[in-house]
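Novice: Take this structure first; my questions come after.
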Amino acid sequence: MGIRWDEILITGDPLILGSQIAIALSMIGVVALITYLKRWRWLWREWLTSVDHKRIGIMYIIAAVLMFFRGGIDGLMMKVQTSQPEMQFLDSQHYNEVFTTHGVIMILFMAMPMLIGLMNVIVPLQIGARDVAYPRLNALSFWLFFAGAMLFNISFVVGGSPDAGWTAYFPLAGKEFSPSIGNNFYAVSLQIAGIGTLMSGINFIVTILKMRAPGMTLMKMPMFTWTTFIASVIIVAAFPIFTVALGLMTFDRIFGSHFFTLSGGGLDMLWANLFWLWGHPEVYIVVLPAFGMFSEIFATFSRKSLYGYKSMVGSIVGIALLSMLVWVHHFYTMGAGPAVNSIFSITTMMIAVPTGVKMFNWLFTMRRGRIRFTNAMLWALAFIPCFLIGGVTGVMLGMGAADFQYHNTLFLVAHFHYTLIPGVVFAVFGALYYWWPKMFGVMLNEKIGRWHFWLFVIGFNATFMPMFFLGLDGAVRRSYTYSAETGFAPLFLVSAIGSLIMALGFAAFCYNIYWSFRYGKRDVPSDPWGARTLEWSTASPVQGYNFAKLPVVNKLDAFWHMKKEGKGLSLDAKEIDEIHMPTNSGIPIVMGGLFFVAGFLLVFEWLAAAGIATLAIFATMIYYSFKDDAGYHLSKQEVADKERSWRMKEEEVHTYVERG
Amino acid sequence: MRRIRNLMFLAMMSAVVLLSGCDTSLTVFEPAGPAARSIMELINWSLVWMLLVVVVVLTLFIVIIWKYRDRKDRAAEEPPEEHGSKLLEVIWTAIPVVIVILLAVPTVQTLYALEEVPEEYADKEPIVIHVTSADWKWIFSYPEYDIETVNYVNIPAGTPVDFRLTSASTMQSFWVPQLGGQKYTMGKMETQLYLVADRPGSYWGKNTNFNGRGYSEMEFEVLALSDEEFDEWVADVHRVAPTLTEEQYEEILLPSHLGRMTFTGTHLQWVDHADMHSPSYTNPELYYNHGYKGKTFEEADNYKNRREDHAHGDHEIGNSQHEETHSANERTQPQLGGEHDGH
């Protein structure tokens, strides 16, 4: 097979050598720590093999926070490199690798798992279900995502990082212009993670359609559940396109086919079309659930139900439909002609209409409310002005003719950071402050949270606002340096300083996580915020089976009305029954490992070995399908003990009744 | 209190920032040709409406969070149950629809207008200049004047130029912000862009579409000359510039940074990269940077095969794959490579 062992590790760059040492040391450190604490068995039984949607969700979130760190470091390196003209911190090749991994990691390995993690934790609780429809498939989704993420992340120290941008445009990303295997990592690891995401999408669609609590009709679902549902539909519609595109990319790169190449009749425009046919809906896959989170937060902290619920649902459905019809706006400059560009300009600008409807409904949710400025609410509030700027510049970019002057400049970069950071990152931070007690039974610190909030929001604006002006002045994206004569230097410096402030904000958040586990108030009541939806009608942290008795719903904001009417809050010991639970399984993590190995071998083009590893994946699937596992039952006594212990606490709105 | 003031400050900042877009010295707002000017007018039109949207939403936002904030004296107050208002929903659906229409109409008009010779210059016969982007340089061919230049293009001011864009390598984007919007250059196909410079001057152009390690430096100058100066330049070129040879041209196409070059003759006599059946000019081995090398593939339509064909007469061109193309290429063409490693 001609494996060149001496070329596998990347050598010759002090930054990369430093990372290699740091990675090796921290891996040894983690292994040593777990061994010292004798936590291996616990880790395996309670977490790695868990099929509990809450634990899987938390693992997603942990992975996403780590990826946020990695992607953030990439971003900072870019900002340092461009802070001054002709800066020598990174060379061109290194910069290209860094912006490529920054993009891929932030979208696919930070935003996606963060949102899917929160969906996992919250959605089954919001619809009053005991788990997702397919718990073990859910675990497999996570491990496939994790295998893909790890495979992608090792690229910069082993084999070489992808360097053709997160869009991997052909022919650049093909073997003709990128002969090292860096872009194989892109093709293969995103494929693996993408399969996991597709499974998540299917899982959530089935869960939401089939497992809602009795009485919860579709139009009585909480908004976060609605947005998760619609995002899952988009996942199922859009991800197969990416699967196919990546498959064709793999053929081109590893087997020498000519789908997108310059030679042999390949069509580079085909890649751009397929990529954005997935890529644009992908933006809404991450932003819609975030809209749902904001909806929950606005309603809770205004003490009002969501204004215009029906038109909110209508607008997310509208956004979802339009999201599939706008992909050409990513390349108006391809010369498809004025008719095509006109149509796509109009569909693109039309997205502003449902988005505007949502904006006004959020504002009117707060009107006549009683607004509490908790940290969760602050993130939601900051979202409005920041996302507004992202939105209006989006309309400007959507105007095909004007786009000829914005395209590929920093104006565009500023725009999408103004949509994705307020739209996703602010949402996730708000959601974490909001749902943290539900996930862990401890609160995050509000005071540290203020530092986190103000540093991050100010830093964010200082980083990206200057980029609008740089873009209009002709500064292009993805350029590793610029000359002093351009006059770009002052604004680039402001932007770099902004990014450091933003990084401090993130550090404050990390400290807050540490603080909450070290000093945070324990024994928080099940409903610390005075919230409205069903996830607050059970313990914090939530017990494994979620609900001892499935709640009955007859209104929107079911839990709010339960509290108001004093109905459904008490549990009678006689109502408790045995609960059927799925058993944990090691197969998902094993399959994740096999996918990683097969993917790694495929990336290095060691085809025979990759084939054997692929056979092992199929063997595991066959073994799995013949395994008979009916789950197990929690006894009445266990459930009763658990319920009594959390319902009898002070300040608890829930009660436990025992007679006879 | 402080929080509110911060938010007001934020709102004011946003307004200032958006307003200032209209009269600064930003390149996009300093058009020197009809295409760039019509785009700027469109941008300004959109800025007005977007500013209106920003002001309305921010005002609502500030008023609402100020008026309905939680205060001690409101602690007992229970907000009303309300579920929305059909009238309001209709209003805030209809107004954005109107704004979208107001923006869409001039957008469509401009999109169509940009595909034509600009109206004010419609009576002038355009000159044709072929633009070929390669890694990492711009090649300009003047078939009417039999001239080829690299990394600069001289045009007569006040005459429309019909740029025919194509690429000898990756997908790139041809942008001269002061003269007009950008368009992609793509191998084996042609895109077209009409630009006019109103007055003589030097305008800076750039590739905006990332294409590998030499991307940042891939710039060129458009020098608009008066008609007399342009004719003089054409005559000068024919007097002093060397004739472009095929070998020289192939060398120019290798991945490298070059300074400015001027030739008589154009490469169009050997190859038109816009033709979908033209040979490919790819040299994968010259792009290898670091990391683990994968296999590369020998392409049947590569220009090297053609040359091999010339040299060995009956050599059969096949779609043969070479696991170690690196060494295979070294065998067939020792004269390439060398210094042209792109650094």
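Quick note on naming: the chains in the structure tokens go A, B, ... in the order shown, residues restart at 1 in each chain, and ligands are numbered from 1 in order of appearance.
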Using 12 Å as the limit and counting only C-alpha atoms, can you tabulate each residue of range 209-298 of chain A that touches range 131-144 of chain A, with its shortest atom-to-atom distance in Å and the two atoms involved, as a tab-separated table?
Specialist:
residue	atom	partner	partner_atom	distance
A:Leu209	CA	A:Ala133	CA	9.6
A:Lys210	CA	A:Ala133	CA	7.9
A:Met211	CA	A:Ala133	CA	7.2
A:Arg212	CA	A:Val132	CA	10.3
A:Ala213	CA	A:Asp131	CA	11.8
Novice: Those same residues - all heavy atoms - I'd like them written as a PDB file, in the first residue's frame.
Specialist:
ATOM      1  N   LEU A 209     -43.789  13.819  16.453  1.00  0.00           N
ATOM      2  CA  LEU A 209     -45.085  13.452  15.890  1.00  0.00           C
ATOM      3  C   LEU A 209     -45.785  12.382  16.712  1.00  0.00           C
ATOM      4  O   LEU A 209     -47.010  12.370  16.797  1.00  0.00           O
ATOM      5  CB  LEU A 209     -44.919  12.969  14.439  1.00  0.00           C
ATOM      6  CG  LEU A 209     -44.629  14.070  13.420  1.00  0.00           C
ATOM      7  CD1 LEU A 209     -44.514  13.477  12.027  1.00  0.00           C
ATOM      8  CD2 LEU A 209     -45.726  15.131  13.447  1.00  0.00           C
ATOM      9  N   LYS A 210     -45.018  11.471  17.308  1.00  0.00           N
ATOM     10  CA  LYS A 210     -45.660  10.300  17.906  1.00  0.00           C
ATOM     11  C   LYS A 210     -45.679  10.283  19.432  1.00  0.00           C
ATOM     12  O   LYS A 210     -46.399   9.482  20.020  1.00  0.00           O
ATOM     13  CB  LYS A 210     -44.952   9.018  17.426  1.00  0.00           C
ATOM     14  CG  LYS A 210     -44.955   8.819  15.939  1.00  0.00           C
ATOM     15  CD  LYS A 210     -46.341   8.644  15.365  1.00  0.00           C
ATOM     16  CE  LYS A 210     -46.933   7.278  15.713  1.00  0.00           C
ATOM     17  NZ  LYS A 210     -48.262   7.119  15.102  1.00  0.00           N
ATOM     18  N   MET A 211     -44.885  11.101  20.072  1.00  0.00           N
ATOM     19  CA  MET A 211     -44.722  10.886  21.514  1.00  0.00           C
ATOM     20  C   MET A 211     -45.176  12.051  22.370  1.00  0.00           C
ATOM     21  O   MET A 211     -44.810  12.150  23.537  1.00  0.00           O
ATOM     22  CB  MET A 211     -43.255  10.538  21.809  1.00  0.00           C
ATOM     23  CG  MET A 211     -42.880   9.210  21.175  1.00  0.00           C
ATOM     24  SD  MET A 211     -41.205   8.731  21.495  1.00  0.00           S
ATOM     25  CE  MET A 211     -41.236   8.435  23.250  1.00  0.00           C
ATOM     26  N   ARG A 212     -45.990  12.943  21.812  1.00  0.00           N
ATOM     27  CA  ARG A 212     -46.465  14.059  22.626  1.00  0.00           C
ATOM     28  C   ARG A 212     -47.413  13.583  23.716  1.00  0.00           C
ATOM     29  O   ARG A 212     -48.101  12.572  23.547  1.00  0.00           O
ATOM     30  CB  ARG A 212     -47.169  15.074  21.721  1.00  0.00           C
ATOM     31  CG  ARG A 212     -46.213  16.019  21.029  1.00  0.00           C
ATOM     32  CD  ARG A 212     -46.882  16.792  19.937  1.00  0.00           C
ATOM     33  NE  ARG A 212     -47.152  15.928  18.793  1.00  0.00           N
ATOM     34  CZ  ARG A 212     -48.322  15.829  18.186  1.00  0.00           C
ATOM     35  NH1 ARG A 212     -49.337  16.529  18.593  1.00  0.00           N
ATOM     36  NH2 ARG A 212     -48.470  15.024  17.157  1.00  0.00           N
ATOM     37  N   ALA A 213     -47.423  14.333  24.806  1.00  0.00           N
ATOM     38  CA  ALA A 213     -48.291  13.987  25.928  1.00  0.00           C
ATOM     39  C   ALA A 213     -49.744  14.031  25.469  1.00  0.00           C
ATOM     40  O   ALA A 213     -50.087  14.777  24.550  1.00  0.00           O
ATOM     41  CB  ALA A 213     -48.074  14.980  27.061  1.00  0.00           C
TER      42      ALA A 213
END
Novice: Would you kindly return, as number ranges by chain, each protein, DNA or RNA residue with an atom no farther than 12 Å from any atom of Leu114 in chain B, considering only C-alpha atoms and excluding same-chain residues fewer than 3 positions away?
Specialist: A: 333, 335, 337-338, 341, 400-402, 404; B: 33-39, 106-111, 117-119, 162, 179-183, 192-196
Novice: Name the residues in contact with Ile181 in chain A at a cut-off of 9 Å, using only C-alpha atoms, excluding same-chain residues fewer than 6 positions from it; report them as a ChimeraX atom specification.
Specialist: /A:159-162,175,253,603-605 /B:291-295
Novice: Write the residues of the selection above to a file with all heavy atoms, as an mmCIF file, in the first residue's frame.
Specialist:
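Below you can see out_9.cif, which holds the result:
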data_model
loop_
_atom_site.group_PDB
_atom_site.id
_atom_site.type_symbol
_atom_site.label_atom_id
_atom_site.label_comp_id
_atom_site.auth_asym_id
_atom_site.auth_seq_id
_atom_site.Cartn_x
_atom_site.Cartn_y
_atom_site.Cartn_z
ATOM 1 N N GLY A 159 -1.462 14.281 9.191
ATOM 2 C CA GLY A 159 -1.860 14.215 7.784
ATOM 3 C C GLY A 159 -2.046 15.544 7.088
ATOM 4 O O GLY A 159 -1.865 15.647 5.897
ATOM 5 N N GLY A 160 -2.424 16.583 7.808
ATOM 6 C CA GLY A 160 -2.590 17.893 7.161
ATOM 7 C C GLY A 160 -4.040 18.337 7.158
ATOM 8 O O GLY A 160 -4.946 17.566 6.886
ATOM 9 N N SER A 161 -4.223 19.611 7.454
ATOM 10 C CA SER A 161 -5.557 20.163 7.618
ATOM 11 C C SER A 161 -6.179 20.506 6.269
ATOM 12 O O SER A 161 -5.475 20.861 5.336
ATOM 13 C CB SER A 161 -5.405 21.418 8.462
ATOM 14 O OG SER A 161 -6.620 22.055 8.597
ATOM 15 N N PRO A 162 -7.517 20.419 6.149
ATOM 16 C CA PRO A 162 -8.154 20.932 4.946
ATOM 17 C C PRO A 162 -7.847 22.420 4.791
ATOM 18 O O PRO A 162 -7.709 23.127 5.785
ATOM 19 C CB PRO A 162 -9.645 20.706 5.170
ATOM 20 C CG PRO A 162 -9.808 20.074 6.477
ATOM 21 C CD PRO A 162 -8.484 19.890 7.112
ATOM 22 N N LYS A 175 -8.012 17.177 -6.332
ATOM 23 C CA LYS A 175 -6.616 16.746 -6.298
ATOM 24 C C LYS A 175 -5.733 17.568 -7.230
ATOM 25 O O LYS A 175 -4.538 17.675 -7.040
ATOM 26 C CB LYS A 175 -6.523 15.264 -6.667
ATOM 27 C CG LYS A 175 -6.818 14.326 -5.500
ATOM 28 C CD LYS A 175 -5.647 14.259 -4.540
ATOM 29 C CE LYS A 175 -5.928 13.429 -3.304
ATOM 30 N NZ LYS A 175 -6.114 12.024 -3.551
ATOM 31 N N ARG A 253 -11.679 12.772 -5.347
ATOM 32 C CA ARG A 253 -10.381 12.909 -4.698
ATOM 33 C C ARG A 253 -9.653 11.579 -4.542
ATOM 34 O O ARG A 253 -8.428 11.534 -4.608
ATOM 35 C CB ARG A 253 -10.524 13.580 -3.339
ATOM 36 C CG ARG A 253 -10.817 15.082 -3.436
ATOM 37 C CD ARG A 253 -10.662 15.749 -2.090
ATOM 38 N NE ARG A 253 -9.355 15.499 -1.511
ATOM 39 C CZ ARG A 253 -8.286 16.234 -1.766
ATOM 40 N NH1 ARG A 253 -8.363 17.286 -2.534
ATOM 41 N NH2 ARG A 253 -7.130 15.914 -1.210
ATOM 42 N N VAL A 603 -9.265 8.398 4.642
ATOM 43 C CA VAL A 603 -8.625 9.693 4.457
ATOM 44 C C VAL A 603 -7.203 9.505 3.931
ATOM 45 O O VAL A 603 -6.759 10.197 3.022
ATOM 46 C CB VAL A 603 -8.612 10.479 5.785
ATOM 47 C CG1 VAL A 603 -7.631 11.636 5.717
ATOM 48 C CG2 VAL A 603 -10.002 10.995 6.104
ATOM 49 N N PHE A 604 -6.505 8.521 4.492
ATOM 50 C CA PHE A 604 -5.121 8.282 4.066
ATOM 51 C C PHE A 604 -5.044 7.410 2.815
ATOM 52 O O PHE A 604 -3.966 6.992 2.405
ATOM 53 C CB PHE A 604 -4.311 7.667 5.214
ATOM 54 C CG PHE A 604 -3.839 8.710 6.191
ATOM 55 C CD1 PHE A 604 -4.677 9.164 7.193
ATOM 56 C CD2 PHE A 604 -2.572 9.272 6.081
ATOM 57 C CE1 PHE A 604 -4.255 10.140 8.071
ATOM 58 C CE2 PHE A 604 -2.148 10.255 6.956
ATOM 59 C CZ PHE A 604 -2.993 10.697 7.955
ATOM 60 N N GLU A 605 -6.209 7.098 2.261
ATOM 61 C CA GLU A 605 -6.295 6.359 1.009
ATOM 62 C C GLU A 605 -5.675 4.968 1.105
ATOM 63 O O GLU A 605 -5.121 4.464 0.135
ATOM 64 C CB GLU A 605 -5.675 7.183 -0.143
ATOM 65 C CG GLU A 605 -6.348 8.536 -0.274
ATOM 66 C CD GLU A 605 -5.744 9.434 -1.356
ATOM 67 O OE1 GLU A 605 -4.810 8.989 -2.019
ATOM 68 O OE2 GLU A 605 -6.216 10.575 -1.499
ATOM 69 N N GLY B 291 2.014 18.084 4.637
ATOM 70 C CA GLY B 291 1.027 17.075 4.962
ATOM 71 C C GLY B 291 1.250 15.837 4.129
ATOM 72 O O GLY B 291 2.191 15.745 3.347
ATOM 73 N N TYR B 292 0.355 14.892 4.304
ATOM 74 C CA TYR B 292 0.492 13.602 3.636
ATOM 75 C C TYR B 292 -0.044 13.723 2.222
ATOM 76 O O TYR B 292 -1.126 14.238 2.001
ATOM 77 C CB TYR B 292 -0.305 12.563 4.421
ATOM 78 C CG TYR B 292 0.033 11.145 4.066
ATOM 79 C CD1 TYR B 292 1.093 10.516 4.695
ATOM 80 C CD2 TYR B 292 -0.713 10.441 3.132
ATOM 81 C CE1 TYR B 292 1.414 9.206 4.390
ATOM 82 C CE2 TYR B 292 -0.398 9.139 2.822
ATOM 83 C CZ TYR B 292 0.667 8.531 3.458
ATOM 84 O OH TYR B 292 0.968 7.229 3.150
ATOM 85 N N LYS B 293 0.763 13.237 1.275
ATOM 86 C CA LYS B 293 0.381 13.372 -0.123
ATOM 87 C C LYS B 293 -0.549 12.236 -0.509
ATOM 88 O O LYS B 293 -0.269 11.073 -0.233
ATOM 89 C CB LYS B 293 1.652 13.310 -0.964
ATOM 90 C CG LYS B 293 1.575 14.082 -2.227
ATOM 91 C CD LYS B 293 2.897 13.977 -2.960
ATOM 92 C CE LYS B 293 4.077 14.407 -2.090
ATOM 93 N NZ LYS B 293 5.360 14.021 -2.659
ATOM 94 N N GLY B 294 -1.671 12.546 -1.115
ATOM 95 C CA GLY B 294 -2.540 11.494 -1.641
ATOM 96 C C GLY B 294 -2.159 11.190 -3.069
ATOM 97 O O GLY B 294 -1.250 11.804 -3.622
ATOM 98 N N LYS B 295 -2.865 10.246 -3.691
ATOM 99 C CA LYS B 295 -2.520 9.989 -5.089
ATOM 100 C C LYS B 295 -3.121 11.074 -5.967
ATOM 101 O O LYS B 295 -4.180 11.617 -5.690
ATOM 102 C CB LYS B 295 -2.961 8.602 -5.547
ATOM 103 C CG LYS B 295 -4.336 8.150 -5.157
ATOM 104 C CD LYS B 295 -4.591 6.782 -5.757
ATOM 105 C CE LYS B 295 -5.923 6.184 -5.335
ATOM 106 N NZ LYS B 295 -6.019 5.745 -3.967
#
Novice: Nearest to chain A: which of B:Val176, B:Val237, B:Val131, B:Val153 is it, counting only C-alpha atoms?
Specialist: B:Val176
Novice: Which is closer to Ile389 in chain A than all the others in A:Ala414, A:Gly103, A:Leu504, A:Met112, using only C-alpha atoms?
Specialist: A:Ala414
Novice: Excluding Leu118 in chain A and residues on its chain fewer than 4 positions from it, collect all residues at most 7 Å away from it, counting only C-alpha atoms, and give them as a ChimeraX atom specification.
Specialist: /A:57,114,122
Novice: Keeping only all heavy atoms, take the residues you just selected and write them out as a compact mmCIF listing (two decimals), in the first residue's frame.
Specialist:
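New file part_37.txt:
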# COMPACT_ATOMS: atom_id res chain seq x y z
N GLY A 57 -27.66 14.51 25.40
CA GLY A 57 -27.69 15.95 25.16
C GLY A 57 -26.54 16.65 25.85
O GLY A 57 -25.87 17.52 25.27
N MET A 114 -24.36 21.82 19.63
CA MET A 114 -24.89 22.60 20.73
C MET A 114 -26.41 22.60 20.67
O MET A 114 -27.10 22.37 21.66
CB MET A 114 -24.35 24.03 20.63
CG MET A 114 -24.55 24.86 21.86
SD MET A 114 -23.45 24.37 23.19
CE MET A 114 -22.19 25.61 23.09
N ILE A 122 -34.12 18.99 26.03
CA ILE A 122 -35.35 19.71 26.33
C ILE A 122 -36.60 19.18 25.62
O ILE A 122 -37.67 19.08 26.21
CB ILE A 122 -35.17 21.22 26.01
CG1 ILE A 122 -34.00 21.79 26.83
CG2 ILE A 122 -36.44 22.00 26.26
CD1 ILE A 122 -34.13 21.60 28.32
Novice: Using DSSP assignments from the backbone, pull out every residue in range 21-263 of chain B that falls under helix (DSSP H, G or I) and give it to me as JSON, numbers by chain.
Specialist: {"B": [21, 22, 23, 27, 28, 29, 34, 35, 36, 37, 38, 39, 40, 41, 42, 43, 44, 45, 46, 47, 48, 49, 50, 51, 52, 53, 54, 55, 56, 57, 58, 59, 60, 61, 62, 63, 64, 65, 66, 67, 72, 73, 74, 86, 87, 88, 89, 90, 91, 92, 93, 94, 95, 96, 97, 98, 99, 100, 101, 102, 103, 104, 105, 106, 107, 108, 109, 110, 111, 112, 113, 114, 119, 120, 121, 215, 216, 217, 227, 228, 229, 230, 231, 232, 233, 234, 235, 236, 237, 238, 239, 240, 246, 247, 248, 249, 250, 251, 252, 253]}
Novice: Check the smallest atom-to-atom distance from each of A:Val326, A:Ile195, A:Leu262, A:Met396 to Leu42 in chain B using only C-alpha atoms, then report the winner.
Specialist: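 Closest residue, counting only C-alpha atoms: A:Met396.
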Novice: I'd like the contact shell of Thr538 in chain A - 8 Å cut-off, only C-alpha atoms, skipping same-chain residues fewer than 6 positions apart - returned as a CSV table (one decimal) with all heavy atoms, in the first residue's frame.
Specialist:
chain,number,residue,atom,x,y,z
A,526,SER,N,-37.9,22.8,41.2
A,526,SER,CA,-38.0,22.4,39.8
A,526,SER,C,-38.3,23.5,38.8
A,526,SER,O,-38.1,23.4,37.7
A,526,SER,CB,-39.2,21.3,39.8
A,526,SER,OG,-40.4,22.0,40.2
A,546,ASN,N,-38.0,10.9,33.5
A,546,ASN,CA,-38.7,12.2,33.2
A,546,ASN,C,-40.0,12.4,33.9
A,546,ASN,O,-40.0,13.4,34.7
A,546,ASN,CB,-39.0,12.3,31.7
A,546,ASN,CG,-37.7,12.4,30.8
A,546,ASN,OD1,-36.6,12.4,31.4
A,546,ASN,ND2,-37.9,12.6,29.5
A,547,PHE,N,-41.0,11.6,33.7
A,547,PHE,CA,-42.3,11.9,34.3
A,547,PHE,C,-42.8,10.6,34.9
A,547,PHE,O,-42.9,9.6,34.2
A,547,PHE,CB,-43.3,12.4,33.3
A,547,PHE,CG,-42.9,13.7,32.6
A,547,PHE,CD1,-42.3,13.7,31.4
A,547,PHE,CD2,-43.2,14.9,33.2
A,547,PHE,CE1,-41.9,14.8,30.7
A,547,PHE,CE2,-42.8,16.1,32.6
A,547,PHE,CZ,-42.2,16.1,31.4
Novice: Leaving out Ile513 in chain A and any residue of its chain fewer than 6 positions from it, which residues lie within 12 Å of it when counting only C-alpha atoms, given as a PyMOL selection string?
Specialist: chain A and resi 62+65+429+432-433+436-437+440+442-446+448-449+452+506-507+519-520
Novice: Can you pull out every residue from range 360-585 of chain A that DSSP, working from the backbone, puts in strand (DSSP E), and format the result as a list in words?
Specialist: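 Of range 360-585 of chain A, only Ser570, Leu571, Asp572, Ile579, His580 and Met581 of chain A fall in strand (DSSP E).
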Novice: Keeping all heavy atoms, export the residues of the selection given above as a PDB file, in the first residue's frame.
Specialist:
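Generated file (again31.pdb):
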ATOM      1  N   SER A 570     -49.858  17.719  41.678  1.00  0.00           N
ATOM      2  CA  SER A 570     -49.621  16.733  42.724  1.00  0.00           C
ATOM      3  C   SER A 570     -49.667  15.332  42.151  1.00  0.00           C
ATOM      4  O   SER A 570     -50.352  15.051  41.166  1.00  0.00           O
ATOM      5  CB  SER A 570     -50.662  16.897  43.828  1.00  0.00           C
ATOM      6  OG  SER A 570     -51.893  16.413  43.354  1.00  0.00           O
ATOM      7  N   LEU A 571     -48.894  14.484  42.759  1.00  0.00           N
ATOM      8  CA  LEU A 571     -48.821  13.097  42.318  1.00  0.00           C
ATOM      9  C   LEU A 571     -49.326  12.230  43.457  1.00  0.00           C
ATOM     10  O   LEU A 571     -48.858  12.340  44.595  1.00  0.00           O
ATOM     11  CB  LEU A 571     -47.379  12.742  41.974  1.00  0.00           C
ATOM     12  CG  LEU A 571     -47.148  11.322  41.487  1.00  0.00           C
ATOM     13  CD1 LEU A 571     -47.719  11.139  40.092  1.00  0.00           C
ATOM     14  CD2 LEU A 571     -45.669  10.999  41.498  1.00  0.00           C
ATOM     15  N   ASP A 572     -50.263  11.392  43.147  1.00  0.00           N
ATOM     16  CA  ASP A 572     -50.777  10.472  44.144  1.00  0.00           C
ATOM     17  C   ASP A 572     -49.988   9.172  44.046  1.00  0.00           C
ATOM     18  O   ASP A 572     -49.761   8.676  42.944  1.00  0.00           O
ATOM     19  CB  ASP A 572     -52.267  10.219  43.874  1.00  0.00           C
ATOM     20  CG  ASP A 572     -52.923   9.550  45.050  1.00  0.00           C
ATOM     21  OD1 ASP A 572     -52.288   8.658  45.645  1.00  0.00           O
ATOM     22  OD2 ASP A 572     -54.057   9.939  45.374  1.00  0.00           O
ATOM     23  N   ILE A 579     -42.257   1.576  35.216  1.00  0.00           N
ATOM     24  CA  ILE A 579     -41.884   2.329  34.014  1.00  0.00           C
ATOM     25  C   ILE A 579     -40.908   1.512  33.181  1.00  0.00           C
ATOM     26  O   ILE A 579     -39.893   1.024  33.679  1.00  0.00           O
ATOM     27  CB  ILE A 579     -41.270   3.692  34.393  1.00  0.00           C
ATOM     28  CG1 ILE A 579     -42.335   4.559  35.078  1.00  0.00           C
ATOM     29  CG2 ILE A 579     -40.729   4.391  33.156  1.00  0.00           C
ATOM     30  CD1 ILE A 579     -41.837   5.875  35.581  1.00  0.00           C
ATOM     31  N   HIS A 580     -41.244   1.393  31.910  1.00  0.00           N
ATOM     32  CA  HIS A 580     -40.400   0.626  30.989  1.00  0.00           C
ATOM     33  C   HIS A 580     -39.265   1.526  30.486  1.00  0.00           C
ATOM     34  O   HIS A 580     -39.502   2.628  30.008  1.00  0.00           O
ATOM     35  CB  HIS A 580     -41.259   0.149  29.812  1.00  0.00           C
ATOM     36  CG  HIS A 580     -40.498  -0.669  28.833  1.00  0.00           C
ATOM     37  ND1 HIS A 580     -40.794  -0.714  27.501  1.00  0.00           N
ATOM     38  CD2 HIS A 580     -39.431  -1.483  29.006  1.00  0.00           C
ATOM     39  CE1 HIS A 580     -39.950  -1.501  26.884  1.00  0.00           C
ATOM     40  NE2 HIS A 580     -39.104  -1.989  27.786  1.00  0.00           N
ATOM     41  N   MET A 581     -38.030   1.043  30.629  1.00  0.00           N
ATOM     42  CA  MET A 581     -36.871   1.874  30.269  1.00  0.00           C
ATOM     43  C   MET A 581     -35.976   1.123  29.280  1.00  0.00           C
ATOM     44  O   MET A 581     -35.870  -0.101  29.342  1.00  0.00           O
ATOM     45  CB  MET A 581     -36.040   2.195  31.520  1.00  0.00           C
ATOM     46  CG  MET A 581     -36.784   2.953  32.593  1.00  0.00           C
ATOM     47  SD  MET A 581     -37.049   4.672  32.156  1.00  0.00           S
ATOM     48  CE  MET A 581     -35.397   5.316  32.355  1.00  0.00           C
TER      49      MET A 581
END
Novice: Work out how far apart CA of Asn289 in chain B and CA of Gly266 in chain A are and give it in Å to one decimal.
Specialist: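 Taking CA of Asn289 in chain B as the start and CA of Gly266 in chain A as the end point, the length is 24.2 Å.
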Novice: In terms of the shortest atom-to-atom distance over only C-alpha atoms, which of B:Ala32, B:Val240, B:Met50, B:Met218 is closest to chain A?
Specialist: B:Met50
Novice: State, in Å with one decimal place, the distance from CA of Val271 in chain B to CA of Tyr203 in chain B.
Specialist: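 Between CA of Val271 in chain B and CA of Tyr203 in chain B the gap works out to 28.7 Å.
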Novice: Quote the spacing between CA of Thr250 in chain A and CA of Trp5 in chain A in Å to one decimal place.
Specialist: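 We find that CA of Thr250 in chain A and CA of Trp5 in chain A lie 22.7 Å from each other.
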Novice: Nearest to chain B among A:Phe109, A:Trp276, A:Tyr480, A:Trp40, with distances taken over only C-alpha atoms: which residue is it?
Specialist: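 Smallest separation from chain B among the options: A:Tyr480.
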